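Asks: entry-v6.txt is reproduced in full below (compact mmCIF, C-alpha atoms and all ligand atoms).
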```
# COMPACT_ATOMS: atom_id res chain seq x y z
CA MET A 1 248.47 -68.44 -4.14
CA ILE A 2 244.86 -68.55 -3.09
CA ARG A 3 243.44 -72.03 -3.11
CA TRP A 4 239.94 -72.86 -2.14
CA THR A 5 237.77 -75.91 -2.04
CA MET A 6 234.55 -76.84 -3.75
CA ALA A 7 232.71 -76.20 -0.48
CA GLY A 8 234.32 -72.82 -0.27
CA ALA A 9 233.30 -72.04 -3.79
CA LEU A 10 229.70 -72.74 -2.91
CA ALA A 11 229.81 -70.56 0.18
CA GLY A 12 228.48 -67.41 -1.38
CA ALA A 13 228.17 -65.56 -4.60
CA ALA A 14 229.75 -62.42 -3.19
CA LEU A 15 232.82 -64.26 -2.03
CA MET A 16 233.13 -66.03 -5.32
CA ALA A 17 232.85 -62.78 -7.18
CA ALA A 18 235.69 -61.33 -5.13
CA LEU A 19 237.84 -64.38 -5.64
CA ALA A 20 237.01 -64.45 -9.31
CA LEU A 21 238.23 -60.90 -9.58
CA ALA A 22 241.46 -61.82 -7.85
CA ALA A 23 242.17 -64.88 -9.94
CA CYS A 24 240.72 -64.45 -13.38
CA GLY A 25 238.82 -61.26 -13.19
CA ALA A 26 235.68 -59.98 -14.77
CA GLY A 27 235.77 -57.15 -17.21
CA PRO A 28 232.85 -54.79 -17.51
CA ALA A 29 230.21 -56.21 -19.77
CA GLY A 30 228.52 -54.15 -22.39
CA PRO A 31 229.32 -52.20 -25.50
CA ALA A 32 232.08 -50.20 -23.82
CA ALA A 33 234.14 -53.37 -23.43
CA GLU A 34 233.77 -54.44 -27.02
CA ARG A 35 236.63 -54.00 -29.42
CA THR A 36 235.73 -51.60 -32.16
CA GLY A 37 238.68 -51.55 -34.53
CA PRO A 38 238.67 -53.53 -37.76
CA MET A 39 240.26 -56.94 -37.43
CA GLN A 40 243.32 -57.93 -39.32
CA ASP A 41 242.59 -60.07 -42.35
CA ASP A 42 245.91 -60.08 -44.15
CA GLN A 43 246.07 -63.78 -44.93
CA GLY A 44 242.42 -64.61 -45.19
CA GLU A 45 242.72 -66.63 -42.02
CA LYS A 46 240.90 -64.34 -39.64
CA LEU A 47 237.28 -65.01 -38.86
CA VAL A 48 235.36 -61.75 -38.85
CA LEU A 49 231.63 -61.83 -38.15
CA THR A 50 229.09 -59.19 -37.25
CA ASP A 51 227.71 -58.99 -33.75
CA ALA A 52 224.42 -60.49 -34.99
CA GLU A 53 226.27 -63.38 -36.59
CA TRP A 54 228.16 -64.08 -33.37
CA ARG A 55 224.92 -64.04 -31.41
CA ALA A 56 223.42 -66.58 -33.79
CA ARG A 57 226.51 -68.76 -33.80
CA LEU A 58 227.25 -68.93 -30.07
CA THR A 59 225.32 -69.93 -26.98
CA PRO A 60 224.41 -66.98 -24.72
CA GLU A 61 227.20 -67.93 -22.28
CA GLN A 62 229.77 -68.31 -25.06
CA TYR A 63 228.71 -64.96 -26.50
CA ARG A 64 228.94 -63.24 -23.12
CA ILE A 65 232.48 -64.45 -22.56
CA LEU A 66 233.96 -64.50 -26.07
CA ARG A 67 232.42 -61.33 -27.47
CA ARG A 68 231.74 -59.29 -24.29
CA ARG A 69 234.83 -60.23 -22.32
CA GLY A 70 232.81 -61.94 -19.65
CA THR A 71 234.13 -64.30 -17.00
CA GLU A 72 232.40 -67.46 -15.83
CA ARG A 73 232.17 -68.13 -12.11
CA ALA A 74 234.96 -70.25 -10.64
CA PHE A 75 234.21 -73.97 -10.72
CA SER A 76 231.10 -73.32 -12.81
CA GLY A 77 232.60 -74.34 -16.15
CA THR A 78 232.90 -77.81 -17.59
CA LEU A 79 236.61 -77.99 -18.34
CA TRP A 80 238.55 -77.08 -15.17
CA LYS A 81 238.29 -80.71 -14.08
CA GLU A 82 238.82 -82.21 -17.54
CA HIS A 83 241.88 -84.48 -17.37
CA ARG A 84 241.70 -86.46 -20.60
CA ASP A 85 244.33 -86.14 -23.28
CA GLY A 86 243.30 -83.95 -26.15
CA VAL A 87 243.20 -80.47 -27.59
CA TYR A 88 241.21 -77.42 -26.54
CA VAL A 89 239.93 -75.38 -29.45
CA CYS A 90 238.31 -71.95 -29.62
CA ALA A 91 234.55 -72.18 -29.11
CA GLY A 92 234.16 -69.27 -31.50
CA CYS A 93 236.13 -70.44 -34.53
CA GLY A 94 237.52 -73.92 -33.82
CA GLN A 95 241.20 -72.93 -33.89
CA PRO A 96 243.34 -75.20 -31.67
CA LEU A 97 244.45 -73.14 -28.66
CA PHE A 98 245.77 -75.35 -25.87
CA ASP A 99 247.08 -78.90 -25.57
CA ALA A 100 246.01 -81.04 -22.62
CA ARG A 101 249.68 -81.77 -21.98
CA THR A 102 250.15 -78.16 -20.88
CA LYS A 103 247.11 -78.13 -18.58
CA PHE A 104 247.66 -78.10 -14.83
CA ASP A 105 245.52 -77.93 -11.72
CA SER A 106 245.77 -74.33 -10.61
CA GLY A 107 243.11 -74.71 -7.93
CA THR A 108 241.33 -71.64 -9.26
CA GLY A 109 238.29 -73.33 -10.79
CA TRP A 110 239.23 -72.31 -14.32
CA PRO A 111 241.08 -74.45 -16.86
CA SER A 112 244.73 -73.42 -16.68
CA TYR A 113 247.64 -73.97 -19.05
CA PHE A 114 251.30 -73.02 -18.96
CA GLU A 115 251.48 -72.24 -22.68
CA PRO A 116 249.32 -72.08 -25.82
CA ILE A 117 249.52 -74.84 -28.40
CA ASP A 118 251.19 -72.37 -30.77
CA GLU A 119 252.46 -68.90 -29.92
CA ARG A 120 250.53 -67.56 -32.92
CA ALA A 121 247.22 -69.06 -31.73
CA VAL A 122 246.61 -66.43 -29.07
CA GLU A 123 247.26 -62.72 -28.71
CA THR A 124 247.42 -60.58 -25.59
CA GLU A 125 246.77 -57.00 -24.66
CA PRO A 126 246.75 -54.95 -21.45
CA ASP A 127 243.44 -54.99 -19.57
CA ARG A 128 243.13 -52.03 -17.20
CA SER A 129 239.62 -52.78 -15.97
CA TRP A 130 238.84 -53.28 -12.30
CA PHE A 131 241.52 -50.88 -11.01
CA THR A 132 244.37 -53.16 -11.94
CA VAL A 133 246.43 -54.08 -14.96
CA ARG A 134 246.17 -57.63 -16.18
CA THR A 135 247.03 -59.25 -19.48
CA GLU A 136 243.99 -60.22 -21.51
CA VAL A 137 244.22 -63.27 -23.80
CA HIS A 138 242.17 -63.66 -26.95
CA CYS A 139 242.01 -65.98 -29.94
CA ALA A 140 244.27 -64.75 -32.73
CA ARG A 141 241.86 -65.96 -35.40
CA CYS A 142 238.48 -64.63 -34.31
CA GLY A 143 239.43 -62.17 -31.56
CA GLY A 144 237.27 -63.99 -29.02
CA HIS A 145 238.14 -63.22 -25.38
CA LEU A 146 239.53 -66.29 -23.63
CA GLY A 147 240.74 -65.13 -20.22
CA HIS A 148 243.96 -63.72 -18.78
CA VAL A 149 247.58 -64.78 -18.40
CA PHE A 150 249.52 -64.39 -15.15
CA GLU A 151 253.17 -64.87 -14.29
CA ASP A 152 252.64 -67.26 -11.40
CA GLY A 153 252.42 -70.50 -13.37
CA PRO A 154 254.54 -73.63 -13.18
CA GLU A 155 257.66 -74.55 -15.09
CA PRO A 156 258.74 -74.54 -17.83
CA THR A 157 257.19 -71.16 -18.70
CA GLY A 158 256.15 -69.76 -15.34
CA LEU A 159 252.93 -68.62 -17.01
CA ARG A 160 249.33 -69.37 -16.06
CA TYR A 161 246.79 -69.00 -18.83
CA CYS A 162 243.54 -68.71 -16.86
CA ILE A 163 240.86 -69.50 -19.44
CA ASN A 164 237.09 -69.65 -19.36
CA SER A 165 235.62 -73.09 -20.06
CA ALA A 166 232.91 -71.50 -22.16
CA ALA A 167 235.52 -70.05 -24.50
CA LEU A 168 236.85 -73.52 -25.27
CA GLU A 169 235.71 -76.83 -26.66
CA PHE A 170 237.57 -80.02 -25.76
CA ARG A 171 238.49 -82.51 -28.48
CA PRO A 172 239.71 -85.81 -26.96
CA ARG A 173 242.78 -87.26 -28.59
CA ARG A 174 242.14 -90.80 -29.77
CA ARG A 175 244.89 -93.32 -29.50
CA HIS A 176 246.41 -94.61 -32.72
CA ASP A 177 244.65 -91.93 -34.71
CA ALA A 178 247.26 -90.50 -37.01
CA SER A 179 244.90 -87.78 -38.20
CA ASP A 180 245.32 -86.05 -34.83
CA ASP A 181 249.03 -85.67 -35.35
CA PRO A 182 250.61 -83.22 -37.76
CA PRO A 183 251.86 -84.86 -40.93
CA ARG A 184 255.52 -85.75 -40.93
CA ASP A 185 257.83 -86.12 -43.83
ZN ZN A 201 238.66 -68.16 -32.20
```
Any chance you could give the structure as structure tokens?

Replies:
Amino acid sequence: MIRWTMAGALAGAALMAALALAACGAGPAGPAAERTGPMQDDQGEKLVLTDAEWRARLTPEQYRILRRRGTERAFSGTLWKEHRDGVYVCAGCGQPLFDARTKFDSGTGWPSYFEPIDERAVETEPDRSWFTVRTEVHCARCGGHLGHVFEDGPEPTGLRYCINSAALEFRPRRRHDASDDPPRD
């Protein structure tokens, strides 16, 4: 696996772009990359907004990544070096997506997880952009693009969810706070 250092990441934008393509990849931005089909809303749980509503709701960077399938530059996000215990939720709709306990240091400069917090939280689809086939990952609730999943992750799943920081928000888990745990009978 390619590993590179902070100094290496700062070496040049062209190099970073190439490495970004290799590790997480950047889809083509623009209307052609946008999903056009109607979103599923069978249980009233899906969050469906118009493009104008998403623009108003999100920061420009969040919009570029979540709604235009963008990719942030490696090591440019805020969460790849986040090591606190907590939960990562969708920046678009707030749905919990990844638990800090499944996060690992992939060395790629993007937050990486070996599994989602719930298999129903994310959905995947083939991404054939950039002359290769990768597996795109998006939020099951709002359809927001998160990143890609690769089969070179650690045990126990062998998967590497390579996710953009800008697609996530981190919620630290407070100790002795029962409200953070699911209710038990
Ligand atoms: Zn979402």

Asks: May I ask which of the residues A:Gly77, A:Val133, A:Glu151, A:Gly143 is the closest one to Ile163 (chain A), counting only C-alpha atoms?

Replies: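 Distance minimum relative to Ile163 (chain A) lands on A:Gly77.
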
Asks: Report the distance between CA of Ile117 (chain A) and CA of Cys139 (chain A) in Å, rounded to one decimal place.

Replies: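 Separation between CA of Ile117 (chain A) and CA of Cys139 (chain A): 11.7 Å.
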
Asks: Counting all atoms listed in the file, what residues are within 8 Å of ligand ZN 201 (chain A), given as an MDAnalysis selection string?

Replies: chainID A and resid 47 89:95 138:144

Asks: Measure the distance from CA of Pro172 (chain A) to CA of Val137 (chain A) in Å and round it to one decimal.

Replies: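 One can read the CA of Pro172 (chain A) to CA of Val137 (chain A) distance as 23.2 Å.
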
Asks: Would you mind reading off the distance between CA of Pro60 (chain A) and CA of Ser112 (chain A), one decimal, in Å?

Replies: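 Distance between the two atoms: 22.8 Å.
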
Asks: Using all atoms listed in the file, which residue out of A:Trp110, A:Arg134, A:Glu155, A:Leu58 lies closest to Arg73 (chain A)?

Replies: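 Ranking A:Trp110, A:Arg134, A:Glu155, A:Leu58 by distance to Arg73 (chain A), first place goes to A:Trp110.
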
Asks: Which one of A:Ala121, A:Lys103, A:Ala166, A:Asp127 sits closest to Phe75 (chain A) if you count all atoms listed in the file?

Replies: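 That would be A:Ala166, the residue with the smallest distance to Phe75 (chain A).
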
Asks: Report, as AutoDock Vina command-line options, the centre and edge lengths in Å (one decimal) of the axis-aligned box enclosing every listed atom of region 95-109 of chain A, padded by 6 Å on each side.

Replies:
```
--center_x 244.2 --center_y -76.7 --center_z -20.9 --size_x 23.9 --size_y 22.1 --size_z 38.0
```

Asks: Leaving out Thr157 (chain A) and any residue of its chain fewer than 2 positions from it, which residues lie within 12 Å of it when counting all atoms listed in the file, given as a list in words?

Replies: Thr102, Tyr113, Phe114, Glu115, Pro116, Val149, Phe150, Glu151, Asp152, Gly153, Pro154, Glu155, Leu159, Arg160 and Tyr161 of chain A

Asks: Based on the selection just made, write C-alpha atoms of those residues as a PDB file, keeping the file's coordinate frame.

Replies:
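So part.pdb came out as:
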```pdb
ATOM      1  CA  THR A 102     250.150 -78.160 -20.880  1.00  0.00           C
ATOM      2  CA  TYR A 113     247.640 -73.970 -19.050  1.00  0.00           C
ATOM      3  CA  PHE A 114     251.300 -73.020 -18.960  1.00  0.00           C
ATOM      4  CA  GLU A 115     251.480 -72.240 -22.680  1.00  0.00           C
ATOM      5  CA  PRO A 116     249.320 -72.080 -25.820  1.00  0.00           C
ATOM      6  CA  VAL A 149     247.580 -64.780 -18.400  1.00  0.00           C
ATOM      7  CA  PHE A 150     249.520 -64.390 -15.150  1.00  0.00           C
ATOM      8  CA  GLU A 151     253.170 -64.870 -14.290  1.00  0.00           C
ATOM      9  CA  ASP A 152     252.640 -67.260 -11.400  1.00  0.00           C
ATOM     10  CA  GLY A 153     252.420 -70.500 -13.370  1.00  0.00           C
ATOM     11  CA  PRO A 154     254.540 -73.630 -13.180  1.00  0.00           C
ATOM     12  CA  GLU A 155     257.660 -74.550 -15.090  1.00  0.00           C
ATOM     13  CA  LEU A 159     252.930 -68.620 -17.010  1.00  0.00           C
ATOM     14  CA  ARG A 160     249.330 -69.370 -16.060  1.00  0.00           C
ATOM     15  CA  TYR A 161     246.790 -69.000 -18.830  1.00  0.00           C
TER      16      TYR A 161
END
```

Asks: Rank A:Gly109, A:Pro156, A:Thr50, A:Thr132 by their smallest atom-to-atom distance to Thr71 (chain A), using all atoms listed in the file, and report the top residue only.

Replies: A:Gly109

Asks: Determine the nearest neighbour of Glu72 (chain A) from the options A:Gly158, A:Leu146, A:Arg173, A:Glu53, counting all atoms listed in the file.

Replies: A:Leu146
